[in-house]
$ cat start-v7.pdb   # PDB, C-alpha atoms
ATOM      1  CA  MET A 151       1.546  -6.278  -0.441
ATOM      2  CA  ARG A 152       1.136  -2.808   1.040
ATOM      3  CA  GLU A 153       4.307  -0.735   1.045
ATOM      4  CA  ALA A 154       5.860   0.234   4.358
ATOM      5  CA  GLU A 155       4.243   3.324   5.818
ATOM      6  CA  SER A 156       7.660   4.976   6.000
ATOM      7  CA  ILE A 157       8.033   4.792   2.190
ATOM      8  CA  VAL A 158       4.630   6.428   1.626
ATOM      9  CA  LYS A 159       5.493   9.121   4.183
ATOM     10  CA  VAL A 160       8.696   9.936   2.303
ATOM     11  CA  ILE A 161       6.790  10.200  -1.003
ATOM     12  CA  ASN A 162       4.135  12.422   0.570
ATOM     13  CA  SER A 163       6.782  14.607   2.174
ATOM     14  CA  GLN A 164       8.439  15.064  -1.217
ATOM     15  CA  LEU A 165       5.094  15.847  -2.885
ATOM     16  CA  LYS A 166       4.407  18.438  -0.207
ATOM     17  CA  ASP A 167       7.844  20.031  -0.696
ATOM     18  CA  LEU A 168       7.460  20.061  -4.478
ATOM     19  CA  TYR A 169       3.870  21.258  -4.808
ATOM     20  CA  GLY A 170       3.018  22.920  -1.521
ATOM     21  CA  VAL A 171      -0.131  23.103   0.555
ATOM     22  CA  ASP A 172      -3.529  24.740   0.376
ATOM     23  CA  ILE A 173      -3.104  28.197   1.915
ATOM     24  CA  VAL A 174      -6.471  28.032   3.723
ATOM     25  CA  THR A 175      -6.509  24.530   5.217
ATOM     26  CA  GLY A 176      -2.779  23.757   5.257
ATOM     27  CA  LEU A 177      -3.464  20.395   3.618
ATOM     28  CA  PRO A 178      -1.021  19.100   0.977
ATOM     29  CA  ILE A 179      -2.226  19.579  -2.594
ATOM     30  CA  PHE A 180      -1.155  16.061  -3.631
ATOM     31  CA  ARG A 181      -0.790  12.878  -1.606
ATOM     32  CA  VAL A 182      -0.569   9.082  -1.907
ATOM     33  CA  ILE A 183      -3.008   6.969   0.140
ATOM     34  CA  TRP A 184      -4.001   3.302   0.575
ATOM     35  CA  SER A 185      -7.360   2.571  -1.053
ATOM     36  CA  ASP A 186      -8.717   0.376   1.740
ATOM     37  CA  ASP A 187      -8.153   3.025   4.444
ATOM     38  CA  GLU A 188     -10.080   5.964   3.012
ATOM     39  CA  MET A 189     -13.549   6.870   4.314
ATOM     40  CA  GLU A 190     -15.831   9.827   3.608
ATOM     41  CA  HIS A 191     -19.157  11.339   4.636
ATOM     42  CA  ARG A 192     -21.550  11.010   1.697
ATOM     43  CA  HIS A 193     -25.170  12.090   1.495
ATOM     44  CA  GLY A 194     -27.477  10.021  -0.669
ATOM     45  CA  THR A 195     -30.270   7.497  -0.910
ATOM     46  CA  PHE A 196     -29.325   4.005   0.253
ATOM     47  CA  ASP A 197     -31.002   0.594   0.122
ATOM     48  CA  ASP A 198     -30.417  -1.438   3.290
ATOM     49  CA  ILE A 199     -30.092  -5.134   2.408
ATOM     50  CA  THR A 200     -29.066  -8.007   4.671
ATOM     51  CA  ALA A 201     -26.138 -10.330   3.957
ATOM     52  CA  ASN A 202     -28.702 -12.838   2.654
ATOM     53  CA  GLY A 203     -30.048 -10.326   0.143
ATOM     54  CA  ILE A 204     -33.259  -9.440   1.975
ATOM     55  CA  TYR A 205     -34.382  -5.851   1.374
ATOM     56  CA  LEU A 206     -35.032  -3.900   4.576
ATOM     57  CA  LYS A 207     -35.619  -0.255   3.701
ATOM     58  CA  THR A 208     -34.592   2.747   1.617
ATOM     59  CA  VAL A 209     -33.315   5.814   3.439
ATOM     60  CA  THR A 210     -31.923   9.217   2.469
ATOM     61  CA  GLU A 211     -29.239  10.379   4.880
ATOM     62  CA  THR A 212     -25.536  11.120   5.353
ATOM     63  CA  ARG A 213     -23.376   8.051   5.970
ATOM     64  CA  TYR A 214     -19.695   7.455   6.707
ATOM     65  CA  LEU A 215     -18.663   5.143   3.874
ATOM     66  CA  PRO A 216     -15.575   3.575   2.303
ATOM     67  CA  LYS A 217     -14.303   5.860  -0.431
ATOM     68  CA  TYR A 218     -12.607   3.361  -2.765
ATOM     69  CA  LYS A 219     -12.481  -0.193  -1.515
ATOM     70  CA  GLN A 220     -15.819  -1.236  -3.039
ATOM     71  CA  TRP A 221     -14.017  -1.412  -6.393
ATOM     72  CA  ILE A 222     -10.316  -0.819  -5.691
ATOM     73  CA  HIS A 223      -8.739  -3.326  -3.311
ATOM     74  CA  GLY A 224      -5.207  -3.056  -1.979
ATOM     75  CA  ARG A 225      -3.871  -0.250  -4.172
ATOM     76  CA  HIS A 226      -2.042   3.004  -3.569
ATOM     77  CA  ILE A 227      -3.755   6.028  -5.118
ATOM     78  CA  LEU A 228      -2.390   9.464  -5.988
ATOM     79  CA  GLU A 229      -4.939  12.106  -4.958
ATOM     80  CA  ARG A 230      -5.358  15.849  -5.531
ATOM     81  CA  LEU A 231      -7.067  18.293  -3.178
ATOM     82  CA  VAL A 232      -9.827  20.150  -5.022
ATOM     83  CA  LEU A 233     -12.703  22.503  -4.266
ATOM     84  CA  VAL A 234     -16.007  20.630  -4.310
ATOM     85  CA  PRO A 235     -18.281  22.189  -6.958
ATOM     86  CA  GLU A 236     -21.322  23.965  -5.557
ATOM     87  CA  PHE A 237     -23.756  21.542  -7.191
ATOM     88  CA  GLN A 238     -22.055  18.540  -5.507
ATOM     89  CA  ARG A 239     -21.662  19.893  -1.981
ATOM     90  CA  HIS A 240     -24.884  18.252  -0.800
ATOM     91  CA  GLU A 241     -23.251  14.893  -1.596
ATOM     92  CA  LEU A 242     -20.098  15.646   0.421
ATOM     93  CA  PRO A 243     -21.411  17.721   3.328
ATOM     94  CA  ALA A 244     -18.395  17.379   5.632
ATOM     95  CA  SER A 245     -16.211  19.922   3.784
ATOM     96  CA  ASN A 246     -16.044  22.089   0.680
ATOM     97  CA  MET A 247     -12.629  20.552  -0.076
ATOM     98  CA  SER A 248     -12.102  16.953  -1.166
ATOM     99  CA  TYR A 249      -9.265  14.684  -2.232
ATOM    100  CA  GLU A 250     -10.027  13.170  -5.636
ATOM    101  CA  PRO A 251      -8.096  10.392  -7.448
ATOM    102  CA  LEU A 252      -5.553  11.199 -10.159
ATOM    103  CA  HIS A 253      -3.872   7.819 -10.596
ATOM    104  CA  VAL A 254      -4.082   4.256  -9.278
ATOM    105  CA  PHE A 255      -0.748   2.453  -8.960
ATOM    106  CA  ARG A 256      -1.587  -0.842 -10.671
ATOM    107  CA  LYS A 257      -0.883  -2.964 -13.741
ATOM    108  CA  GLY A 258      -3.388  -2.185 -16.466
ATOM    109  CA  ASP A 259      -6.948  -2.119 -15.106
ATOM    110  CA  ASP A 260      -6.330  -4.744 -12.410
ATOM    111  CA  ASN A 261      -7.944  -3.498  -9.186
ATOM    112  CA  GLU A 262      -8.145  -6.871  -7.461
ATOM    113  CA  THR A 263      -5.312  -9.375  -7.799
ATOM    114  CA  VAL A 264      -1.901  -9.516  -6.177
ATOM    115  CA  ASP A 265      -0.295  -9.697  -9.625
ATOM    116  CA  GLY A 266      -1.826  -6.322 -10.492
ATOM    117  CA  TYR A 267      -0.130  -4.530  -7.599
ATOM    118  CA  LEU A 268       2.426  -1.794  -8.260
ATOM    119  CA  PRO A 269       4.245   0.105  -5.492
ATOM    120  CA  PRO A 270       3.895   3.892  -5.338
ATOM    121  CA  ARG A 271       6.787   5.768  -6.914
ATOM    122  CA  LEU A 272       7.710   9.424  -6.609
ATOM    123  CA  ASP A 273       8.911   9.730 -10.229
ATOM    124  CA  VAL A 274       5.610   8.371 -11.568
ATOM    125  CA  ALA A 275       3.594  10.623  -9.242
ATOM    126  CA  LYS A 276       5.696  13.648 -10.209
ATOM    127  CA  PHE A 277       5.302  12.941 -13.932
ATOM    128  CA  ILE A 278       1.503  12.718 -13.597
ATOM    129  CA  VAL A 279       1.253  15.844 -11.442
ATOM    130  CA  ASP A 280       3.530  17.854 -13.737
ATOM    131  CA  SER A 281       1.499  16.764 -16.777
ATOM    132  CA  VAL A 282      -1.787  17.772 -15.134
ATOM    133  CA  LEU A 283      -0.410  21.135 -13.993
ATOM    134  CA  ALA A 284       1.120  21.815 -17.407
ATOM    135  CA  VAL A 285      -2.244  21.264 -19.101
ATOM    136  CA  GLN A 286      -3.940  23.427 -16.474
ATOM    137  CA  ALA A 287      -1.401  26.231 -16.914
ATOM    138  CA  TYR A 288      -1.671  26.072 -20.712
ATOM    139  CA  SER A 289      -5.482  26.219 -20.548
ATOM    140  CA  THR A 290      -5.318  29.230 -18.231
ATOM    141  CA  MET A 291      -2.807  30.922 -20.507
ATOM    142  CA  MET A 292      -5.043  30.389 -23.539
ATOM    143  CA  ILE A 293      -8.016  31.872 -21.690
ATOM    144  CA  THR A 294      -6.287  34.789 -19.946
ATOM    145  CA  GLY A 295      -3.383  35.439 -22.301
ATOM    146  CA  HIS A 296      -0.905  35.308 -19.412
ATOM    147  CA  ALA A 297       2.116  33.037 -19.794
ATOM    148  CA  ASN A 298       2.559  32.561 -16.040
ATOM    149  CA  PRO A 299      -0.874  32.423 -14.374
ATOM    150  CA  ASP A 300      -1.004  32.715 -10.612
ATOM    151  CA  ARG A 301      -1.446  29.502  -8.656
ATOM    152  CA  PRO A 302      -2.437  30.744  -5.183
ATOM    153  CA  THR A 303      -2.852  27.261  -3.674
ATOM    154  CA  LEU A 304       0.447  25.855  -4.971
ATOM    155  CA  ALA A 305       2.729  27.381  -2.404
ATOM    156  CA  ARG A 306       6.090  26.271  -3.772
ATOM    157  CA  TYR A 307       5.396  24.780  -7.190
ATOM    158  CA  LYS A 308       7.915  25.672  -9.894
ATOM    159  CA  ASP A 309       6.886  25.075 -13.481
ATOM    160  CA  PRO A 310       9.498  22.693 -15.018
ATOM    161  CA  ALA A 311       8.768  24.227 -18.440
ATOM    162  CA  ALA A 312       9.630  27.758 -17.342
ATOM    163  CA  GLY A 313      12.158  29.390 -19.659
ATOM    164  CA  LYS A 314      12.121  26.591 -22.252
ATOM    165  CA  SER A 315      11.094  26.838 -25.874
ATOM    166  CA  THR A 316       8.130  24.844 -27.197
ATOM    167  CA  GLU A 317      10.492  22.442 -28.963
ATOM    168  CA  GLU A 318      12.502  21.870 -25.770
ATOM    169  CA  ILE A 319       9.341  21.229 -23.739
ATOM    170  CA  VAL A 320       8.011  18.730 -26.298
ATOM    171  CA  GLU A 321      11.344  16.889 -26.493
ATOM    172  CA  HIS A 322      11.678  16.772 -22.698
ATOM    173  CA  LYS A 323       8.162  15.386 -22.271
ATOM    174  CA  ARG A 324       8.733  12.872 -25.070
ATOM    175  CA  LYS A 325      11.818  11.499 -23.319
ATOM    176  CA  GLU A 326       9.980  11.311 -19.978
ATOM    177  CA  ILE A 327       7.076   9.432 -21.544
ATOM    178  CA  ASP A 328       9.377   7.058 -23.468
ATOM    179  CA  GLY A 329      11.288   6.217 -20.302
ATOM    180  CA  LEU A 330       8.207   5.583 -18.196
ATOM    181  CA  VAL A 331       6.420   3.587 -20.910
ATOM    182  CA  ASN A 332       9.449   1.362 -21.499
ATOM    183  CA  GLU A 333       9.949   0.781 -17.771
ATOM    184  CA  LEU A 334       6.319   0.225 -16.805
ATOM    185  CA  PHE A 335       4.853  -1.406 -19.930
ATOM    186  CA  GLY A 336       7.769  -2.929 -21.828
ATOM    187  CA  ASP A 337       6.936  -3.094 -25.536
ATOM    188  CA  GLU A 338       3.436  -1.670 -25.166
ATOM    189  CA  THR A 339       2.950   1.787 -26.682
ATOM    190  CA  GLY A 340       0.864   4.727 -25.589
ATOM    191  CA  LEU A 341       0.272   6.006 -22.100
ATOM    192  CA  MET A 342      -3.157   6.352 -20.512
ATOM    193  CA  GLY A 343      -3.858   7.700 -17.047
ATOM    194  CA  GLN A 344      -6.848   6.082 -15.367
ATOM    195  CA  THR A 345      -9.202   8.192 -13.280
ATOM    196  CA  LEU A 346     -12.203   7.091 -11.296
ATOM    197  CA  SER A 347     -15.665   8.483 -10.795
ATOM    198  CA  ARG A 348     -17.122   7.256  -7.529
ATOM    199  CA  ASN A 349     -20.607   7.651  -8.960
ATOM    200  CA  GLN A 350     -19.974   5.790 -12.213
ATOM    201  CA  GLY A 351     -16.999   3.622 -11.289
ATOM    202  CA  GLY A 352     -14.878   4.520 -14.295
ATOM    203  CA  GLY A 353     -13.492   7.059 -16.707
ATOM    204  CA  GLU A 354     -10.279   7.893 -18.458
ATOM    205  CA  ALA A 355      -8.026  10.916 -18.702
ATOM    206  CA  ILE A 356      -6.035  10.468 -21.898
ATOM    207  CA  ILE A 357      -2.469  11.698 -22.224
ATOM    208  CA  VAL A 358      -1.278  12.190 -25.799
ATOM    209  CA  PRO A 359       0.834   9.122 -26.738
ATOM    210  CA  HIS A 360       4.540   9.620 -27.257
ATOM    211  CA  THR A 361       4.168   8.433 -30.861
ATOM    212  CA  TYR A 362       1.789  11.297 -31.704
ATOM    213  CA  THR A 363       2.949  13.868 -34.240
ATOM    214  CA  LYS A 364       0.962  16.928 -35.256
ATOM    215  CA  GLU A 365      -0.268  16.867 -38.858
TER     216      GLU A 365
END

$ encode --input "start-v7.pdb" --output "structure tokens"
Amino acid sequence: MREAESIVKVINSQLKDLYGVDIVTGLPIFRVIWSDDEMEHRHGTFDDITANGIYLKTVTETRYLPKYKQWIHGRHILERLVLVPEFQRHELPASNMSYEPLHVFRKGDDNETVDGYLPPRLDVAKFIVDSVLAVQAYSTMMITGHANPDRPTLARYKDPAAGKSTEEIVEHKRKEIDGLVNELFGDETGLMGQTLSRNQGGGEAIIVPHTYTKE
């Protein structure tokens, strides 16, 4: 069910053009990957058990492990390049930068079946990225008081809300959400973006539903 590599390359090329690269490493800020391919060096304590369930030993060391496929099989994932927090760098010793999941292309919470597969789409990825960056920019503005905070790692990102009034931004986002919800979920209402914690195996980043109105 995996999409042709050429399609994913086109999406990743567009994401790179839209949102740029990290100025230190040259890596793209956002990318789409295949869950079963990703590996990472992780330091931790591991129980070695045979295929028959016989316990062998417990060791603490750095191992090269699958990143997602223990719980996400055969799915495309939208990732973001982030700085690993200081307190977590002992867990990911290979680099102080890491790609972390933003969105799994799937139907509902289905991480297993063929019926739950959804192909990666640039418009969906762009909507999610723009929403995340808009929240980030707003939070920075509230803290610093600057309407256009610097984004040193987003080499070519242009804020789609630049120059628009609050009412225009809200209406534009409402139409985007309505269109995506109707196309992806039919009559279902609300839009929730799923995120994953590799330590806990779950978590949710909630986007305000399009039916929400401020009291």

$ atom_distance --input "start-v7.pdb" --atom1 "atom CA of A:Ile157" --atom2 "atom CA of A:Pro216"
23.6 Å

$ resolve_selection --input "start-v7.pdb" --expression "the PyMOL selection byres ((chain A and resi 190) around 7)" --output "ChimeraX atom specification"
/A:188-189,191-192,214-217

$ write_last_selection --input "start-v7.pdb" --atoms "C-alpha atoms" --output "short mmCIF file (atom, residue, chain, number, x, y, z; two decimals), in the coordinates of the input"
data_model
loop_
_atom_site.label_atom_id
_atom_site.label_comp_id
_atom_site.auth_asym_id
_atom_site.auth_seq_id
_atom_site.Cartn_x
_atom_site.Cartn_y
_atom_site.Cartn_z
CA GLU A 188 -10.08 5.96 3.01
CA MET A 189 -13.55 6.87 4.31
CA HIS A 191 -19.16 11.34 4.64
CA ARG A 192 -21.55 11.01 1.70
CA TYR A 214 -19.70 7.46 6.71
CA LEU A 215 -18.66 5.14 3.87
CA PRO A 216 -15.58 3.58 2.30
CA LYS A 217 -14.30 5.86 -0.43
#

$ atom_distance --input "start-v7.pdb" --atom1 "atom CA of A:Arg239" --atom2 "atom CA of A:Thr195"
15.1 Å

$ atom_distance --input "start-v7.pdb" --atom1 "atom CA of A:Pro178" --atom2 "atom CA of A:Ser163"
9.1 Å

$ residues_around --input "start-v7.pdb" --residues "A:Tyr249" --least-positions-apart "3" --cutoff "12 Å" --atoms "only C-alpha atoms" --output "PyMOL selection string"
chain A and resi 172+177-183+188-190+217-218+227-234+242+245-246+252

$ write_last_selection --input "start-v7.pdb" --atoms "C-alpha atoms" --output "short mmCIF file (atom, residue, chain, number, x, y, z; two decimals), keeping the file's coordinate frame"
data_model
loop_
_atom_site.label_atom_id
_atom_site.label_comp_id
_atom_site.auth_asym_id
_atom_site.auth_seq_id
_atom_site.Cartn_x
_atom_site.Cartn_y
_atom_site.Cartn_z
CA ASP A 172 -3.53 24.74 0.38
CA LEU A 177 -3.46 20.40 3.62
CA PRO A 178 -1.02 19.10 0.98
CA ILE A 179 -2.23 19.58 -2.59
CA PHE A 180 -1.16 16.06 -3.63
CA ARG A 181 -0.79 12.88 -1.61
CA VAL A 182 -0.57 9.08 -1.91
CA ILE A 183 -3.01 6.97 0.14
CA GLU A 188 -10.08 5.96 3.01
CA MET A 189 -13.55 6.87 4.31
CA GLU A 190 -15.83 9.83 3.61
CA LYS A 217 -14.30 5.86 -0.43
CA TYR A 218 -12.61 3.36 -2.76
CA ILE A 227 -3.76 6.03 -5.12
CA LEU A 228 -2.39 9.46 -5.99
CA GLU A 229 -4.94 12.11 -4.96
CA ARG A 230 -5.36 15.85 -5.53
CA LEU A 231 -7.07 18.29 -3.18
CA VAL A 232 -9.83 20.15 -5.02
CA LEU A 233 -12.70 22.50 -4.27
CA VAL A 234 -16.01 20.63 -4.31
CA LEU A 242 -20.10 15.65 0.42
CA SER A 245 -16.21 19.92 3.78
CA ASN A 246 -16.04 22.09 0.68
CA LEU A 252 -5.55 11.20 -10.16
#

$ closest_residue --input "start-v7.pdb" --among "A:Thr212, A:Thr200, A:Asn261, A:Ser289" --to "A:Ala244" --atoms "only C-alpha atoms"
A:Thr212

$ resolve_selection --input "start-v7.pdb" --expression "the PyMOL selection byres ((chain A and resi 165) around 10)" --output "ChimeraX atom specification"
/A:159-164,166-171,178-182,272,275-276,279,307

$ closest_residue --input "start-v7.pdb" --among "A:Thr175, A:Arg213, A:Pro243, A:His226" --to "A:Pro269" --atoms "only C-alpha atoms"
A:His226

$ closest_residue --input "start-v7.pdb" --among "A:His193, A:Lys257, A:Val274, A:Ile199" --to "A:Glu241" --atoms "only C-alpha atoms"
A:His193

$ residues_around --input "start-v7.pdb" --residues "A:Val209" --least-positions-apart "5" --cutoff "8 Å" --atoms "only C-alpha atoms" --output "PyMOL selection string"
chain A and resi 195-198

$ residues_near_point --input "start-v7.pdb" --point "(-9.7, -2.7, 0.4)" --cutoff "9 Å" --atoms "all atoms listed in the file" --output "list in words"
Trp184, Ser185, Asp186, Asp187, Pro216, Tyr218, Lys219, Gln220, Trp221, Ile222, His223, Gly224 and Arg225 of chain A

$ closest_residue --input "start-v7.pdb" --among "A:Asn202, A:Val174, A:His253, A:His240" --to "A:Phe277" --atoms "all atoms listed in the file"
A:His253

$ resolve_selection --input "start-v7.pdb" --expression "the PyMOL selection byres ((chain A and resi 268) around 10)" --output "list of chain:residue names"
A:Met151, A:Arg152, A:Glu153, A:Gly224, A:Arg225, A:His226, A:Val254, A:Phe255, A:Arg256, A:Lys257, A:Val264, A:Asp265, A:Gly266, A:Tyr267, A:Pro269, A:Pro270, A:Arg271, A:Leu334

$ closest_residue --input "start-v7.pdb" --among "A:Asp259, A:Glu211, A:Ala287, A:Leu206" --to "A:Gly194" --atoms "all atoms listed in the file"
A:Glu211

$ build_atoms --input "start-v7.pdb" --residues "stretch 193-216 of chain A" --atoms "N, CA, C and O atoms" --output "short mmCIF file (atom, residue, chain, number, x, y, z; two decimals), in the coordinates of the input"
data_model
loop_
_atom_site.label_atom_id
_atom_site.label_comp_id
_atom_site.auth_asym_id
_atom_site.auth_seq_id
_atom_site.Cartn_x
_atom_site.Cartn_y
_atom_site.Cartn_z
N HIS A 193 -23.71 12.00 1.38
CA HIS A 193 -25.17 12.09 1.50
C HIS A 193 -25.80 11.49 0.25
O HIS A 193 -25.38 11.75 -0.87
N GLY A 194 -26.82 10.65 0.47
CA GLY A 194 -27.48 10.02 -0.67
C GLY A 194 -28.64 9.16 -0.22
O GLY A 194 -29.01 9.13 0.95
N THR A 195 -29.19 8.43 -1.18
CA THR A 195 -30.27 7.50 -0.91
C THR A 195 -29.72 6.08 -0.96
O THR A 195 -29.08 5.69 -1.95
N PHE A 196 -29.95 5.31 0.11
CA PHE A 196 -29.32 4.00 0.25
C PHE A 196 -30.38 2.93 0.49
O PHE A 196 -31.36 3.15 1.21
N ASP A 197 -30.18 1.77 -0.13
CA ASP A 197 -31.00 0.59 0.12
C ASP A 197 -30.30 -0.27 1.16
O ASP A 197 -29.15 -0.67 0.97
N ASP A 198 -30.96 -0.55 2.26
CA ASP A 198 -30.42 -1.44 3.29
C ASP A 198 -30.85 -2.87 2.99
O ASP A 198 -32.04 -3.18 2.94
N ILE A 199 -29.85 -3.74 2.77
CA ILE A 199 -30.09 -5.13 2.41
C ILE A 199 -29.25 -6.02 3.32
O ILE A 199 -28.08 -5.73 3.57
N THR A 200 -29.80 -7.10 3.79
CA THR A 200 -29.07 -8.01 4.67
C THR A 200 -28.03 -8.80 3.88
O THR A 200 -28.03 -8.79 2.64
N ALA A 201 -27.16 -9.50 4.61
CA ALA A 201 -26.14 -10.33 3.96
C ALA A 201 -26.76 -11.43 3.11
O ALA A 201 -26.14 -11.93 2.17
N ASN A 202 -28.00 -11.79 3.42
CA ASN A 202 -28.70 -12.84 2.65
C ASN A 202 -29.50 -12.27 1.48
O ASN A 202 -30.23 -13.01 0.80
N GLY A 203 -29.37 -10.93 1.28
CA GLY A 203 -30.05 -10.33 0.14
C GLY A 203 -31.47 -9.90 0.40
O GLY A 203 -32.21 -9.60 -0.54
N ILE A 204 -31.89 -9.84 1.65
CA ILE A 204 -33.26 -9.44 1.98
C ILE A 204 -33.33 -7.92 2.11
O ILE A 204 -32.58 -7.31 2.88
N TYR A 205 -34.21 -7.31 1.34
CA TYR A 205 -34.38 -5.85 1.37
C TYR A 205 -35.05 -5.43 2.68
O TYR A 205 -36.04 -6.02 3.11
N LEU A 206 -34.48 -4.39 3.33
CA LEU A 206 -35.03 -3.90 4.58
C LEU A 206 -35.75 -2.56 4.41
O LEU A 206 -36.91 -2.41 4.77
N LYS A 207 -35.03 -1.60 3.83
CA LYS A 207 -35.62 -0.26 3.70
C LYS A 207 -34.75 0.60 2.78
O LYS A 207 -33.62 0.25 2.45
N THR A 208 -35.31 1.72 2.37
CA THR A 208 -34.59 2.75 1.62
C THR A 208 -34.60 4.03 2.43
O THR A 208 -35.66 4.47 2.88
N VAL A 209 -33.42 4.60 2.64
CA VAL A 209 -33.32 5.81 3.44
C VAL A 209 -32.45 6.85 2.72
O VAL A 209 -31.54 6.50 1.96
N THR A 210 -32.75 8.12 2.96
CA THR A 210 -31.92 9.22 2.47
C THR A 210 -31.29 9.90 3.67
O THR A 210 -32.00 10.45 4.52
N GLU A 211 -29.95 9.84 3.73
CA GLU A 211 -29.24 10.38 4.88
C GLU A 211 -27.76 10.50 4.55
O GLU A 211 -27.31 10.10 3.47
N THR A 212 -26.98 11.04 5.49
CA THR A 212 -25.54 11.12 5.35
C THR A 212 -24.91 9.94 6.08
O THR A 212 -25.21 9.70 7.26
N ARG A 213 -24.04 9.21 5.38
CA ARG A 213 -23.38 8.05 5.97
C ARG A 213 -21.87 8.16 5.81
O ARG A 213 -21.37 8.80 4.88
N TYR A 214 -21.16 7.53 6.75
CA TYR A 214 -19.70 7.46 6.71
C TYR A 214 -19.34 6.16 5.99
O TYR A 214 -19.54 5.06 6.52
N LEU A 215 -18.81 6.29 4.76
CA LEU A 215 -18.66 5.14 3.87
C LEU A 215 -17.23 4.98 3.38
O LEU A 215 -16.46 5.96 3.33
N PRO A 216 -16.86 3.76 2.99
CA PRO A 216 -15.58 3.58 2.30
C PRO A 216 -15.56 4.40 1.02
O PRO A 216 -16.56 4.48 0.30
#
